[in-house]
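Participant: After the structure tokens below, expect a handful of questions from me.
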Amino acid sequence: MTKQSMKTWIALSACVCGTACAQVSVTPYGVVDTAMEYQNGGAGSQVREVSSGLYATVYGFKGTENLGNGLHVNFQLEQGFDNSTGQASAAGTAFNRLAWVGLSGAFGELRVGRQKKPEYLLLNNESDPSGVKSIASPLNNFGDNAVRSSNALAYFTPTLYGFTEQFMVALREEEDKPTLLSYNAVVRYVNGPLHVLAGYEKTGTAGTDAFQKVWREVVSYGMGNARLYLAYQKESRSDGRENLQIVEVSGSWRFNPANQLSVMVGDARDCTGRGNGGRQLGLLYQYHLSRRTELYSAAGILQNRNQAQFTLDGTQYAGIPGAPGAFVRGMNLGIAHHF
């Protein structure tokens, strides 16, 4: 190979590599969230350091490859961990929160693998100002449905006339049980400041024939720096252990780009006849030090009815044990950094 040929080959190789590399993008990301918290569950109080008081503490990778003609290959891997100890939130797992790959284009998007259910991915962010996170959210504390599915296939439609739909089915791992573990569907309509959503989920319990059904309806309306929310959720189980109706009214006010205050009021009605419901008032204040870092304070006051034992749950941790019918209260002060 002549010297000139060598130069030509190197230039061509660099051009091809540069073009290929420009088609692929992989981004590492994460959140570190730590708070100091006080809780009293009616059977004693506790002051503790908690991880994920408002945002789940995670690290992960997401990427896309442009195949041309508007078609992309996408993937996401995400692991949760406790930043107060460094331990994984689920021992023995590499990516316990997300591990999926899929295709997107003019047809919408397909995803295969472990992923967030449509209710979590779409409905939660629209249901209250917190995104159904922290001890301040009644929906977070009263609700009892899983937010992710393994062995899942999801389809996201393109947005058309303000409507977006998401559908998911998830399969069992046990060979001796029915193949289908769960299915989920969410519809969202957006028209300027008005957002209307509805979602349905039916999920089997691994190793049994029992299943849970969850229905949620949400409407919110934005007015300048304020947004008001109304959410209704019904949870029931085929074995009769649960039949709960949750109503939450909430609102947020952004004083300026750095400051936001949210108020959430919720009521849980036990329709099994046992009367084990509850009601809660929640407050959340967020102050953004920068685009990536914020200080926050969340507080909750929860009154259990009869023998109910609802607690104030963080975004990725459980509240302290309480007494049946107890008056529960808690507050935290935290810092979260996104990278």
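Every chain in the structure tokens has a letter given in the order shown (A, B, ...), and although residue numbers restart at 1 in each chain, ligands are simply numbered from 1 in the order shown.
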Would you pick out the contacts of region 109-123 of chain A at 8 Å or less, using only C-alpha atoms, so that residues sharing its chain but fewer than 6 positions from it are not included, and give the list as a PyMOL selection string?

Facilitator: chain A and resi 97-103+147-158+166-168+184-186+197-201+218

Participant: Taking the DSSP assignment computed from this structure's backbone, write out as an NGL selection string all residues of region 40-154 of chain A that belong to helix (DSSP H, G or I).

Facilitator: :A and (118-127 or 138-142)

Participant: Tell me which protein, DNA and RNA residues are within 7 Å of Tyr232 (chain A), counting only C-alpha atoms, leaving out same-chain ones fewer than 6 positions away, and put them as number ranges by chain.

Facilitator: A: 216-218, 246-248

Participant: Enumerate, as JSON, numbers by chain, the complete set of residues in region 269-304 of chain A that a backbone-based DSSP assignment places in strand (DSSP E).

Facilitator: {"A": [269, 270, 278, 279, 280, 281, 282, 283, 284, 285, 286, 287, 288, 293, 294, 295, 296, 297, 298, 299, 300, 301, 302, 303, 304]}

Participant: Would you mind listing what lies within 12 Å of Tyr287 (chain A) as a ChimeraX atom specification, with only C-alpha atoms counted and same-chain residues fewer than 5 positions away left out?

Facilitator: /A:254-262,292-298,333-336

Participant: So the first atom is CA of Leu230 (chain A) and the second is CA of Pro193 (chain A); what is the distance between them in Å, to one decimal place?

Facilitator: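 Rounded to one decimal, the two atoms are 14.1 Å apart.
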
Participant: Between CA of Ser238 (chain A) and CA of Cys271 (chain A), what distance in Å does the model show, to one decimal?

Facilitator: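 Interatomic distance here is 13.6 Å.
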
Participant: One decimal, in Å: what's the spacing between CA of Ala136 (chain A) and CA of Gly53 (chain A)?

Facilitator: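 Computed distance, CA of Ala136 (chain A) to CA of Gly53 (chain A), equals 10.0 Å.
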
Participant: Fewer than 3 positions away in the same chain doesn't count, so skip those; otherwise give me all residues within 10 Å of Lys213 (chain A), counting only C-alpha atoms, as a list in words.

Facilitator: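 Non-adjacent residues within range: Asn145, Ser182, Tyr183, Asn184, Tyr200, Glu201, Lys202, Thr203, Gly204, Lys234, Glu235, Ser236, Arg237, Ser238, Glu242 and Asn243 of chain A.
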
Participant: Which residues, written as a PDB file with N, CA and C atoms, in the first residue's frame, have at least one atom at most 6 Å from Gly330 (chain A), with only C-alpha atoms counted and residues fewer than 3 positions away on the same chain left out?

Facilitator:
ATOM      1  N   TYR A  38     -38.239  12.502  60.507  1.00  0.00           N
ATOM      2  CA  TYR A  38     -38.900  12.164  61.778  1.00  0.00           C
ATOM      3  C   TYR A  38     -40.249  11.540  61.458  1.00  0.00           C
ATOM      4  N   GLN A  39     -40.543  10.413  62.090  1.00  0.00           N
ATOM      5  CA  GLN A  39     -41.855   9.789  61.952  1.00  0.00           C
ATOM      6  C   GLN A  39     -42.333   9.273  63.292  1.00  0.00           C
ATOM      7  N   ALA A 299     -44.007  16.627  54.333  1.00  0.00           N
ATOM      8  CA  ALA A 299     -44.648  16.358  55.618  1.00  0.00           C
ATOM      9  C   ALA A 299     -45.994  15.686  55.380  1.00  0.00           C
ATOM     10  N   GLY A 300     -46.374  14.834  56.320  1.00  0.00           N
ATOM     11  CA  GLY A 300     -47.651  14.152  56.201  1.00  0.00           C
ATOM     12  C   GLY A 300     -48.285  13.934  57.558  1.00  0.00           C
TER      13      GLY A 300
END

Participant: What's the 10 Å shell around region 313-322 of chain A, counting only C-alpha atoms, without same-chain residues fewer than 3 positions away, as number ranges by chain?

Facilitator: A: 37-46, 50-57, 80-82, 89, 131-138, 140-142, 298, 300, 304, 308-310, 325-328, 330, 332

Participant: Using only C-alpha atoms, find the one residue out of A:Asp267, A:His338, A:Asn191, A:Ala226 that sits nearest to Ser290 (chain A).

Facilitator: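 Residue with the minimum atom-to-atom distance to Ser290 (chain A): A:His338.
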
Participant: Which residue is closest to Ser252 (chain A)? Choose from A:Val47, A:Ala231, A:Met223, A:Val58 and count only C-alpha atoms.

Facilitator: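 Looking only at the distances to Ser252 (chain A), the closest residue turns out to be A:Met223.
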
Participant: Between A:Arg279, A:Met264, A:Arg305, A:Pro324, which one has atoms that come closest to Ser130 (chain A), using only C-alpha atoms?

Facilitator: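 So, comparing all the options, the nearest one is A:Met264.
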